[in-house]
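Have a look at upload-v8.txt below; it lists compact mmCIF, C-alpha atoms.
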```
# COMPACT_ATOMS: atom_id res chain seq x y z
CA MET A 1 36.28 -0.05 21.24
CA LYS A 2 36.39 1.40 17.71
CA LYS A 3 34.37 -1.55 16.34
CA THR A 4 31.73 -1.09 19.07
CA VAL A 5 31.36 2.61 18.29
CA THR A 6 31.05 1.88 14.58
CA THR A 7 28.44 -0.82 15.22
CA LEU A 8 26.42 1.44 17.51
CA ALA A 9 26.58 4.31 15.02
CA GLY A 10 25.40 2.01 12.24
CA LEU A 11 22.59 0.68 14.41
CA ALA A 12 21.49 4.22 15.32
CA PHE A 13 21.44 5.16 11.64
CA LEU A 14 19.34 2.13 10.73
CA MET A 15 16.89 2.79 13.54
CA GLY A 16 16.39 6.38 12.42
CA ALA A 17 16.10 5.60 8.73
CA THR A 18 13.86 2.55 8.92
CA PRO A 19 10.09 2.97 9.32
CA SER A 20 8.46 1.10 12.14
CA ILE A 21 6.76 -1.98 10.75
CA ALA A 22 4.56 -4.36 12.70
CA ASN A 23 1.85 -6.90 11.99
CA ASP A 24 -1.70 -5.63 12.18
CA LEU A 25 -4.57 -7.89 13.27
CA SER A 26 -4.94 -9.42 9.81
CA GLY A 27 -1.25 -10.42 9.73
CA ASN A 28 -0.39 -7.78 7.12
CA LYS A 29 2.56 -5.50 7.53
CA ALA A 30 1.45 -2.00 8.51
CA TYR A 31 3.57 1.14 8.36
CA HIS A 32 3.42 3.19 11.52
CA PRO A 33 3.95 6.84 10.65
CA PRO A 34 5.84 9.21 12.93
CA GLU A 35 2.54 10.59 14.30
CA GLY A 36 2.30 7.49 16.48
CA PHE A 37 -0.99 6.32 15.03
CA THR A 38 -2.47 4.64 12.01
CA ILE A 39 -5.85 5.10 10.40
CA ARG A 40 -7.88 2.05 9.39
CA TYR A 41 -11.16 2.36 7.51
CA VAL A 42 -13.83 -0.02 8.75
CA GLU A 43 -15.05 -0.95 5.26
CA LYS A 44 -11.55 -2.22 4.40
CA LEU A 45 -11.16 -4.50 7.44
CA ASN A 46 -11.47 -8.25 7.27
CA LYS A 47 -14.78 -9.62 8.57
CA PRO A 48 -13.67 -10.69 12.09
CA GLU A 49 -11.83 -7.42 12.76
CA LYS A 50 -14.71 -5.37 11.36
CA ALA A 51 -17.21 -7.25 13.54
CA GLU A 52 -15.07 -6.62 16.65
CA VAL A 53 -14.71 -2.89 15.93
CA LEU A 54 -18.43 -2.48 15.28
CA ARG A 55 -19.34 -4.49 18.40
CA ARG A 56 -17.27 -2.16 20.56
CA ALA A 57 -18.59 1.01 18.88
CA THR A 58 -21.44 1.69 21.30
CA ASP A 59 -22.78 5.24 21.46
CA ASP A 60 -21.18 5.86 24.86
CA TYR A 61 -17.81 4.50 23.81
CA VAL A 62 -17.73 6.51 20.57
CA GLN A 63 -18.75 9.73 22.35
CA GLN A 64 -16.03 9.26 25.00
CA LEU A 65 -13.39 8.43 22.40
CA GLN A 66 -14.29 11.44 20.26
CA ALA A 67 -14.22 13.69 23.35
CA VAL A 68 -10.72 12.45 24.23
CA ILE A 69 -9.52 13.09 20.68
CA ALA A 70 -11.11 16.54 20.56
CA ALA A 71 -9.46 17.40 23.90
CA ASN A 72 -6.02 16.66 22.43
CA PRO A 73 -5.44 19.30 19.72
CA ALA A 74 -2.30 17.59 18.40
CA ILE A 75 -4.15 14.35 17.62
CA ALA A 76 -7.26 16.11 16.31
CA ASP A 77 -5.16 18.33 14.01
CA GLU A 78 -3.12 15.39 12.76
CA LEU A 79 -6.27 13.39 11.98
CA ARG A 80 -7.68 16.38 10.11
CA SER A 81 -4.46 16.65 8.11
CA HIS A 82 -5.22 13.09 6.93
CA HIS A 83 -8.77 14.20 5.98
CA VAL A 84 -10.37 12.41 8.95
CA THR A 85 -12.97 14.25 10.99
CA VAL A 86 -13.23 13.37 14.66
CA LYS A 87 -16.93 12.52 14.32
CA ASN A 88 -16.01 9.66 11.95
CA VAL A 89 -13.66 7.94 14.41
CA ILE A 90 -15.55 5.02 15.96
CA GLY A 91 -12.81 3.04 17.65
CA SER A 92 -9.22 2.88 18.73
CA ARG A 93 -6.73 0.30 19.86
CA SER A 94 -3.23 0.58 21.28
CA THR A 95 -0.62 -1.74 19.82
CA MET A 96 2.28 -3.37 21.61
CA SER A 97 4.66 -1.07 19.73
CA GLY A 98 3.05 1.94 21.39
CA THR A 99 1.12 3.26 18.43
CA THR A 100 -2.63 3.76 18.32
CA ILE A 101 -4.93 2.55 15.58
CA TYR A 102 -7.95 4.76 14.92
CA TYR A 103 -10.88 3.06 13.21
CA VAL A 104 -12.83 5.37 10.92
CA LYS A 105 -16.26 4.84 9.36
```

Give the structure from the file, written as structure tokens.
Amino acid sequence: MKKTVTTLAGLAFLMGATPSIANDLSGNKAYHPPEGFTIRYVEKLNKPEKAEVLRRATDDYVQQLQAVIAANPAIADELRSHHVTVKNVIGSRSTMSGTTIYYVK
């Protein structure tokens, strides 16, 4: 019993102290901050990922995405704190880990 409690306490500590790391589309490790999203700049993407983001960035899609972000003050404020204006967000994608990637022009 004592060993189980110690193991669980150690595991809980490691989970709280370790940043969430997952592979992004290019296979690189990406840090997922506590906000629950990451910001990726389109000009820094590899060619296939950039082409996919730009293909999806139709006027209707971008307007709807920006409206959703603007309607959620917590996300809009957090993006602004990272010097990202909502009008520059042109795409998003949810990851399997539950975070969201926002693509910014």

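If you count all atoms listed in the file and ignore residues fewer than 6 places along the chain from stretch 67-69 of chain A, what sits within 8 Å of it is Ile75, Ala76 and Val86 of chain A.
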
In Å, how far is it from atom CA of A:Tyr61 to atom CA of A:Val104? 13.8 Å

Between atom CA of A:Glu43 and atom CA of A:Thr58, what is the distance, to one decimal in Å? 17.5 Å

Using only C-alpha atoms, which residues sit within 9 Å of A:Gly91 once same-chain residues fewer than 6 positions away are excluded, as an mmCIF file with C-alpha atoms, in the coordinates of the input?
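Listing of around-v2.cif after writing:
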```cif
data_model
loop_
_atom_site.group_PDB
_atom_site.id
_atom_site.type_symbol
_atom_site.label_atom_id
_atom_site.label_comp_id
_atom_site.auth_asym_id
_atom_site.auth_seq_id
_atom_site.Cartn_x
_atom_site.Cartn_y
_atom_site.Cartn_z
ATOM 1 C CA VAL A 53 -14.710 -2.890 15.930
ATOM 2 C CA LEU A 54 -18.430 -2.480 15.280
ATOM 3 C CA ARG A 56 -17.270 -2.160 20.560
ATOM 4 C CA ALA A 57 -18.590 1.010 18.880
ATOM 5 C CA TYR A 61 -17.810 4.500 23.810
ATOM 6 C CA VAL A 62 -17.730 6.510 20.570
ATOM 7 C CA LEU A 65 -13.390 8.430 22.400
ATOM 8 C CA GLN A 66 -14.290 11.440 20.260
ATOM 9 C CA ILE A 101 -4.930 2.550 15.580
ATOM 10 C CA TYR A 102 -7.950 4.760 14.920
ATOM 11 C CA TYR A 103 -10.880 3.060 13.210
ATOM 12 C CA VAL A 104 -12.830 5.370 10.920
#
```

Correct to one decimal, the distance atom CA of A:Ser97-atom CA of A:Thr85 is 24.9 Å

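Shown here are all protein and nucleic acid residues lying within 6 Å of (3.3, 5.0, 17.9), with only C-alpha atoms considered: Gly36, Phe37, Gly98 and Thr99 of chain A.
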